[in-house]
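Quick notes on the structure that follows.
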Amino acid sequence: MQLNALRQIKTKNQTLTNRTPEINSTLKGVLVNTHVKNNGNNITFDDIQDSLLIHDENDCARPRKKDISESSFNTNKAIKPILAATALIAGGCFTLSALLKKSSKTLLSTKSFEQLPDLAVNMNIKEEPQFAIYRAVRDPNFRNIMGATAIFIMSGITIACKNFVDGAKEIWLKKQSADIEKELQENLIEVETKSFSGKLDVVNNMLNKNVKLFDKLLNNKTPKKKPAFSEFITFKGNIDDEQKSDKQKKIKNIKYGLFIIGVITGAIALAKLSISNIRKTAQYSQDFANGFTEKTIDAINKMSENAKKEDIPKITELFKSICAKPEFIKETAGKYGLSETEISSIINAVEESKKTIFADAPTALGGIPKKIQYYCYIDENRGHLYNWVLNPENKFTKYIFMAFTISSAIGYLFKQGMDALKEVTVLKENAKTELNLRKRLVDVEVNNFKAKKESATNPLIENFEIKIEEGKKSKEELKQLADNILSEIKNGPPYVYT
């Protein structure tokens, strides 16, 4: 019994000693998972970054400029022009009112011969219906009413025929325009097909080029590294470019300064020449005035030798033309034996002619002031119809109306027909020009597509090269990144189908 008890106790002790390592490994796993793995291996987004082609902006080799300027609404700049315009309008109204006040005030103390002359009211009747209505209102007899009725009927017929011709022209032009547009769109199918195939070729070439590049970079054991101090070399190149641009700016500034000096010098020279021309003009005018005055004085002296009283009005006009002095007038008038009153009237007439600068318009042209004058100017066929209706006994009025009306109708039809042919010809030539332009723009469109495509994929490729140089990613990860870049080239913007 004792031996069995001892064996059982020994067996329990061995069992406890055998279980101890299992407990220690469990504790070790809990501790490692809690304090090492959870704290050391954080959750990363490397896979999603590679899938979405997200790269750090600092890793991109190409610097990008940020547009700092932003358009914003400036209240001061918006209100200042309004305030300035308001002040200008208010100032202009005030200046105009002050001018009217000054003019009315000056009118009270101004002599009659110094004031502005009055104007007659001339009413010009240029349209035949207005002329016919005027004659019917002035003298509503049978002939005038028939003439007005004939003009109205002819006006309606003319409008109807004109609208018919214009409508037919527009309909024909619309049909021709539709045919030209249809032909243009059919010809553009080939052009758009070339553009579409060109874009597909660009995508295919980019895929082939980048597949070869990725294959070379991934299968090469010693990837190419950037040469040392490459950034400094680039920086040096930028400095050289900046120095060149500074030199070009200096040269432009020197040229601009020389241009300004040349303009100023030329302006001074032209100013001197202008002053010299003005002086010569004044001298020539003075010589002309002196010569005219001398000839007029000689004419007055020659007329005064005969001393005929019927020559006094002519001599008075000659006195006015040279603004003769009172002494010369008295000396000349003394030869005619005129009284002091007559001499004074001549002197006053000459003085008035000196002060006034206005003259009344001739009555034949300007009409009679303070009276309304009507006159007409008829130049259409309806006026000849009116004459025919009022004077049916004269056959020539009928012949003139018929001839003028037929020639006007033929001329209008010919003009509209030529205009329609011209517009159709212009539409056809414009369609040809549009087609040729679209053909020439195919290469431009493909190059534009290629440039945009490269601008979207080049940063991704540069980031891929940086990842290879860092050596933090495995080949499988780099392969997945390359596949994503190729998918972006194939399916990313800009799209071929837009």
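Ligands are numbered from 1 in the order shown, chains are lettered A, B, ... in the order of the structure tokens, and residues start at 1 in each chain.
Residues in contact with Ile372 in chain A at up to 12 Å, not including ones fewer than 4 positions away on its chain and judged by only C-alpha atoms, are Leu119, Ala120, Val121, Asn122, Met123, Asn124, Gly366, Gly367 and Ile368 of chain A.
Residues with any atom within 12 Å of Pro313 in chain A, counting only C-alpha atoms and excluding same-chain neighbours fewer than 2 positions away, are A:Ile300, A:Met303, A:Lys308, A:Lys309, A:Glu310, A:Asp311, A:Ile315, A:Thr316, A:Glu317, A:Leu318, A:Phe319, A:Lys320, A:Ala333, A:Glu342, A:Ser345, A:Ile346, A:Ala349, A:Val350.
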Selection from above, all heavy atoms, as a compact mmCIF listing (two decimals), in the first residue's frame, can you write it?
```txt
# COMPACT_ATOMS: atom_id res chain seq x y z
N ILE A 300 -11.12 150.90 -102.93
CA ILE A 300 -11.93 151.98 -102.33
C ILE A 300 -11.45 153.34 -102.81
O ILE A 300 -12.26 154.23 -103.17
CB ILE A 300 -11.86 151.87 -100.79
CG1 ILE A 300 -12.59 150.61 -100.32
CG2 ILE A 300 -12.47 153.11 -100.14
CD1 ILE A 300 -12.42 150.34 -98.84
N MET A 303 -12.55 153.88 -106.39
CA MET A 303 -13.98 154.21 -106.51
C MET A 303 -14.28 155.59 -105.97
O MET A 303 -15.17 156.28 -106.47
CB MET A 303 -14.81 153.15 -105.76
CG MET A 303 -14.77 151.77 -106.39
SD MET A 303 -15.68 150.54 -105.42
CE MET A 303 -17.33 151.17 -105.58
N LYS A 308 -19.26 158.64 -106.81
CA LYS A 308 -20.63 158.40 -107.21
C LYS A 308 -21.41 157.87 -106.01
O LYS A 308 -20.97 156.95 -105.33
CB LYS A 308 -20.70 157.38 -108.35
CG LYS A 308 -20.05 157.87 -109.64
CD LYS A 308 -20.16 156.80 -110.72
CE LYS A 308 -19.50 157.27 -112.02
NZ LYS A 308 -19.58 156.22 -113.07
N LYS A 309 -22.59 158.43 -105.76
CA LYS A 309 -23.36 158.06 -104.59
C LYS A 309 -23.90 156.62 -104.67
O LYS A 309 -24.10 155.97 -103.65
CB LYS A 309 -24.54 159.03 -104.42
CG LYS A 309 -24.12 160.43 -104.06
CD LYS A 309 -24.68 160.82 -102.72
CE LYS A 309 -24.18 162.23 -102.38
NZ LYS A 309 -25.09 163.01 -101.59
N GLU A 310 -24.10 156.11 -105.89
CA GLU A 310 -24.60 154.75 -106.02
C GLU A 310 -23.53 153.71 -105.61
O GLU A 310 -23.85 152.53 -105.43
CB GLU A 310 -25.07 154.46 -107.45
CG GLU A 310 -24.01 154.66 -108.52
CD GLU A 310 -24.03 156.09 -109.08
OE1 GLU A 310 -24.63 156.98 -108.42
OE2 GLU A 310 -23.45 156.29 -110.15
N ASP A 311 -22.27 154.17 -105.46
CA ASP A 311 -21.21 153.24 -105.04
C ASP A 311 -21.06 153.14 -103.51
O ASP A 311 -20.23 152.37 -103.03
CB ASP A 311 -19.85 153.69 -105.61
CG ASP A 311 -19.81 153.58 -107.14
OD1 ASP A 311 -20.58 152.76 -107.67
OD2 ASP A 311 -19.03 154.30 -107.76
N ILE A 315 -18.98 150.40 -101.28
CA ILE A 315 -17.85 150.83 -100.44
C ILE A 315 -18.09 150.43 -98.99
O ILE A 315 -17.15 150.06 -98.27
CB ILE A 315 -17.66 152.36 -100.58
CG1 ILE A 315 -17.16 152.68 -101.99
CG2 ILE A 315 -16.68 152.89 -99.54
CD1 ILE A 315 -16.99 154.16 -102.27
N THR A 316 -19.36 150.48 -98.55
CA THR A 316 -19.67 150.08 -97.17
C THR A 316 -19.33 148.60 -96.96
O THR A 316 -18.76 148.21 -95.92
CB THR A 316 -21.16 150.32 -96.88
OG1 THR A 316 -21.45 151.72 -97.09
CG2 THR A 316 -21.49 149.95 -95.44
N GLU A 317 -19.65 147.74 -97.93
CA GLU A 317 -19.31 146.33 -97.82
C GLU A 317 -17.80 146.11 -97.83
O GLU A 317 -17.28 145.23 -97.12
CB GLU A 317 -19.97 145.54 -98.96
CG GLU A 317 -21.48 145.51 -98.92
CD GLU A 317 -22.00 144.83 -97.65
OE1 GLU A 317 -21.35 143.87 -97.18
OE2 GLU A 317 -23.05 145.26 -97.15
N LEU A 318 -17.10 146.93 -98.62
CA LEU A 318 -15.64 146.82 -98.62
C LEU A 318 -15.07 147.24 -97.27
O LEU A 318 -14.10 146.65 -96.78
CB LEU A 318 -15.05 147.67 -99.74
CG LEU A 318 -15.36 147.22 -101.17
CD1 LEU A 318 -14.81 148.21 -102.20
CD2 LEU A 318 -14.75 145.83 -101.42
N PHE A 319 -15.67 148.29 -96.66
CA PHE A 319 -15.25 148.69 -95.31
C PHE A 319 -15.43 147.53 -94.31
O PHE A 319 -14.57 147.28 -93.46
CB PHE A 319 -16.07 149.91 -94.85
CG PHE A 319 -15.65 151.19 -95.49
CD1 PHE A 319 -16.57 152.24 -95.68
CD2 PHE A 319 -14.35 151.40 -95.91
CE1 PHE A 319 -16.18 153.43 -96.26
CE2 PHE A 319 -13.96 152.60 -96.49
CZ PHE A 319 -14.88 153.61 -96.68
N LYS A 320 -16.56 146.84 -94.44
CA LYS A 320 -16.82 145.70 -93.53
C LYS A 320 -15.82 144.57 -93.74
O LYS A 320 -15.40 143.91 -92.79
CB LYS A 320 -18.24 145.18 -93.75
CG LYS A 320 -19.34 146.14 -93.31
CD LYS A 320 -20.71 145.53 -93.58
CE LYS A 320 -21.84 146.47 -93.16
NZ LYS A 320 -23.18 145.89 -93.42
N ALA A 333 -15.53 158.95 -96.84
CA ALA A 333 -16.90 159.46 -96.97
C ALA A 333 -16.93 160.97 -97.21
O ALA A 333 -17.89 161.50 -97.81
CB ALA A 333 -17.70 159.13 -95.72
N GLU A 342 -24.97 160.17 -91.81
CA GLU A 342 -24.71 159.09 -92.76
C GLU A 342 -23.35 158.44 -92.49
O GLU A 342 -23.21 157.21 -92.57
CB GLU A 342 -24.76 159.64 -94.18
CG GLU A 342 -26.18 160.06 -94.60
CD GLU A 342 -26.20 160.72 -95.98
OE1 GLU A 342 -25.13 161.17 -96.43
OE2 GLU A 342 -27.28 160.77 -96.59
N SER A 345 -23.70 156.20 -89.44
CA SER A 345 -24.39 154.95 -89.73
C SER A 345 -23.46 153.94 -90.42
O SER A 345 -23.50 152.74 -90.14
CB SER A 345 -25.61 155.21 -90.61
OG SER A 345 -25.22 155.75 -91.87
N ILE A 346 -22.61 154.45 -91.32
CA ILE A 346 -21.64 153.54 -91.96
C ILE A 346 -20.66 152.99 -90.93
O ILE A 346 -20.33 151.80 -90.92
CB ILE A 346 -20.90 154.28 -93.09
CG1 ILE A 346 -21.87 154.67 -94.22
CG2 ILE A 346 -19.77 153.41 -93.64
CD1 ILE A 346 -21.26 155.52 -95.31
N ALA A 349 -22.38 150.36 -88.82
CA ALA A 349 -22.55 149.11 -89.58
C ALA A 349 -21.25 148.31 -89.61
O ALA A 349 -21.24 147.08 -89.47
CB ALA A 349 -23.04 149.41 -90.99
N VAL A 350 -20.13 149.02 -89.80
CA VAL A 350 -18.82 148.33 -89.82
C VAL A 350 -18.50 147.76 -88.44
O VAL A 350 -17.99 146.64 -88.31
CB VAL A 350 -17.73 149.30 -90.28
CG1 VAL A 350 -16.35 148.67 -90.16
CG2 VAL A 350 -17.98 149.72 -91.74
```
Using only C-alpha atoms, which residue out of A:Glu192, A:Lys302, A:Pro494, A:Ala289 lies closest to Lys452 in chain A?
A:Pro494
Between A:Leu478, A:Ile489, A:Leu213, A:Ala324, which one has atoms that come closest to Ser455 in chain A, using only C-alpha atoms?
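Closest to Ser455 in chain A of all the choices is A:Ile489.
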Between A:Thr149, A:Ser245, A:Ser103, A:Thr265, which is the closest to Ile133 in chain A once you count only C-alpha atoms?
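Among the listed residues, A:Thr149 lies closest to Ile133 in chain A.
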Based on DSSP run over this structure's backbone, return all residues of range 339-404 of chain A in strand (DSSP E), as a ChimeraX atom specification.
/A:372-376
Apply DSSP to the structure's backbone, then extract all residues of range 311-460 of chain A labelled alpha helix (DSSP H) and return them as a PyMOL selection string.
chain A and resi 312-322+326-334+340-355+363-366+381-390+395-460
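With only C-alpha atoms as the atoms that count, the residue of A:Lys335, A:Asn163, A:Pro493, A:Asn387 with the shortest distance to Tyr412 in chain A is A:Asn163.
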Quick check, in Å to one decimal: how far apart do CA of Lys475 in chain A and CA of Thr457 in chain A lie?
20.7 Å
Gap from CA of Leu441 in chain A to CA of Thr193 in chain A - Å, one decimal
12.8 Å
Considering only C-alpha atoms, can you say which of A:Glu423, A:Ile82, A:Ala136, A:Leu273 comes closest to Lys174 in chain A?
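The answer is A:Glu423, which sits nearest to Lys174 in chain A.
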For CA of Asp419 in chain A and CA of Gly167 in chain A, the interatomic separation in Å (one decimal)
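Computing it gives 13.4 Å between the two atoms.
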Rank A:Leu116, A:Leu385, A:Ile189, A:Leu96 by their smallest atom-to-atom distance to Ala132 in chain A, using only C-alpha atoms, and report the top residue only.
A:Leu385
